[in-house]
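Following: one structure in structure tokens, then a few remarks.
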Amino acid sequence: MSDRVSGVVRWFNQARGYGYINGDDGAEVRVTREAIDDLTFVTEGMRVTYVPALDTDGTVHAEHVRIVS
């Protein structure tokens, strides 16, 4: 799972530091503040790219999230 995927931030709670991305591949992935490159923030509706990765429980989360300009 090392190929970058594009998607749109569906929801992100700045106070809690996590949210969800709807990937263009049809998958919904969880994203945390720590996974966002350049220590920036994301908001709903932003287009991003990310690297999907598996958690230990088999769910997918986003790593190396970058905002698409």
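Letters for chains follow the order of the structure tokens (A, B, ...), residue numbers begin at 1 for each chain, and ligand numbers begin at 1 in the order shown.
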Tell me, counting only C-alpha atoms, for each residue of region 12-32 of chain A within 10 Å of region 50-57 of chain A, which pair of atoms is nearest and how far apart they are in Å to one decimal, in rows ordered by chain and increasing number, as a tab-separated table.
residue	atom	partner	partner_atom	distance
A:Ile21	CA	A:Tyr50	CA	9.4
A:Gly23	CA	A:Tyr50	CA	9.0
A:Ala27	CA	A:Pro52	CA	9.8
A:Val29	CA	A:Pro52	CA	7.7
A:Arg30	CA	A:Pro52	CA	9.5
A:Val31	CA	A:Tyr50	CA	9.4
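Going from CA of Phe12 (chain A) over to CA of Val60 (chain A), you cover 16.5 Å.
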Output as a VMD selection string all residues of chain A that backbone DSSP marks as strand (DSSP E).
-> chain A and resid 5 to 13 18 to 23 28 to 32 47 to 54 60 to 67
Spatial neighbours of Thr32 (chain A), max dist 9 Å, only C-alpha atoms, sep filter under 2 positions, as number ranges by chain | A: 12, 16-20, 30, 34-36, 61-63
Excluding Val68 (chain A) and residues on its chain fewer than 2 positions from it, collect all residues at most 10 Å away from it, counting only C-alpha atoms, and give them as JSON, numbers by chain.
-> {"A": [6, 7, 8, 46, 47, 48, 49, 65, 66]}
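Proximity to Arg10 (chain A) was assessed for A:Ile67, A:Arg33, A:Gly58, A:Thr43 counting only C-alpha atoms; the smallest distance is recorded for A:Thr43.
Between CA of Thr59 (chain A) and CA of Leu39 (chain A) the interatomic distance comes to 23.9 Å.
For the choices A:Ser69, A:His64, A:Glu28, A:Phe41, the atom-to-atom distance to Asp3 (chain A) is smallest for A:His64 when using only C-alpha atoms.
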Quick one: DSSP helix (DSSP H, G or I) residues in chain A, as number ranges by chain?
-> A: 33-35, 37-39
Would you save the residues of that selection, restricted to all heavy atoms, as a PDB file, in the first residue's frame?
ATOM      1  N   ARG A  33      -3.855  14.303  12.905  1.00  0.00           N
ATOM      2  CA  ARG A  33      -3.056  15.523  12.743  1.00  0.00           C
ATOM      3  C   ARG A  33      -1.586  15.187  12.466  1.00  0.00           C
ATOM      4  O   ARG A  33      -0.940  15.830  11.642  1.00  0.00           O
ATOM      5  CB  ARG A  33      -3.172  16.366  14.018  1.00  0.00           C
ATOM      6  CG  ARG A  33      -2.383  17.643  13.987  1.00  0.00           C
ATOM      7  CD  ARG A  33      -2.492  18.433  15.291  1.00  0.00           C
ATOM      8  NE  ARG A  33      -3.877  18.785  15.569  1.00  0.00           N
ATOM      9  CZ  ARG A  33      -4.503  18.482  16.694  1.00  0.00           C
ATOM     10  NH1 ARG A  33      -3.893  17.811  17.644  1.00  0.00           N
ATOM     11  NH2 ARG A  33      -5.754  18.852  16.889  1.00  0.00           N
ATOM     12  N   GLU A  34      -1.070  14.177  13.131  1.00  0.00           N
ATOM     13  CA  GLU A  34       0.342  13.802  12.977  1.00  0.00           C
ATOM     14  C   GLU A  34       0.679  13.298  11.583  1.00  0.00           C
ATOM     15  O   GLU A  34       1.829  13.321  11.166  1.00  0.00           O
ATOM     16  CB  GLU A  34       0.722  12.733  14.006  1.00  0.00           C
ATOM     17  CG  GLU A  34       0.647  13.204  15.441  1.00  0.00           C
ATOM     18  CD  GLU A  34      -0.768  13.220  16.018  1.00  0.00           C
ATOM     19  OE1 GLU A  34      -1.657  12.569  15.464  1.00  0.00           O
ATOM     20  OE2 GLU A  34      -0.969  13.914  17.025  1.00  0.00           O
ATOM     21  N   ALA A  35      -0.329  12.845  10.822  1.00  0.00           N
ATOM     22  CA  ALA A  35      -0.099  12.299   9.485  1.00  0.00           C
ATOM     23  C   ALA A  35      -0.031  13.374   8.408  1.00  0.00           C
ATOM     24  O   ALA A  35       0.302  13.081   7.263  1.00  0.00           O
ATOM     25  CB  ALA A  35      -1.204  11.314   9.133  1.00  0.00           C
ATOM     26  N   ASP A  37       1.597  16.257   6.438  1.00  0.00           N
ATOM     27  CA  ASP A  37       2.936  16.796   6.181  1.00  0.00           C
ATOM     28  C   ASP A  37       2.958  18.303   6.377  1.00  0.00           C
ATOM     29  O   ASP A  37       1.939  18.980   6.257  1.00  0.00           O
ATOM     30  CB  ASP A  37       3.383  16.462   4.755  1.00  0.00           C
ATOM     31  CG  ASP A  37       3.710  14.987   4.580  1.00  0.00           C
ATOM     32  OD1 ASP A  37       3.770  14.260   5.592  1.00  0.00           O
ATOM     33  OD2 ASP A  37       3.892  14.559   3.427  1.00  0.00           O
ATOM     34  N   ASP A  38       4.114  18.852   6.648  1.00  0.00           N
ATOM     35  CA  ASP A  38       4.346  20.282   6.828  1.00  0.00           C
ATOM     36  C   ASP A  38       3.631  20.845   8.053  1.00  0.00           C
ATOM     37  O   ASP A  38       3.483  22.060   8.177  1.00  0.00           O
ATOM     38  CB  ASP A  38       3.947  21.080   5.581  1.00  0.00           C
ATOM     39  CG  ASP A  38       4.746  20.673   4.352  1.00  0.00           C
ATOM     40  OD1 ASP A  38       5.913  20.261   4.523  1.00  0.00           O
ATOM     41  OD2 ASP A  38       4.205  20.749   3.252  1.00  0.00           O
ATOM     42  N   LEU A  39       3.149  19.996   8.934  1.00  0.00           N
ATOM     43  CA  LEU A  39       2.502  20.412  10.178  1.00  0.00           C
ATOM     44  C   LEU A  39       1.429  21.474   9.963  1.00  0.00           C
ATOM     45  O   LEU A  39       1.299  22.426  10.719  1.00  0.00           O
ATOM     46  CB  LEU A  39       3.558  20.911  11.173  1.00  0.00           C
ATOM     47  CG  LEU A  39       4.625  19.893  11.548  1.00  0.00           C
ATOM     48  CD1 LEU A  39       5.674  20.533  12.436  1.00  0.00           C
ATOM     49  CD2 LEU A  39       4.011  18.682  12.224  1.00  0.00           C
TER      50      LEU A  39
END
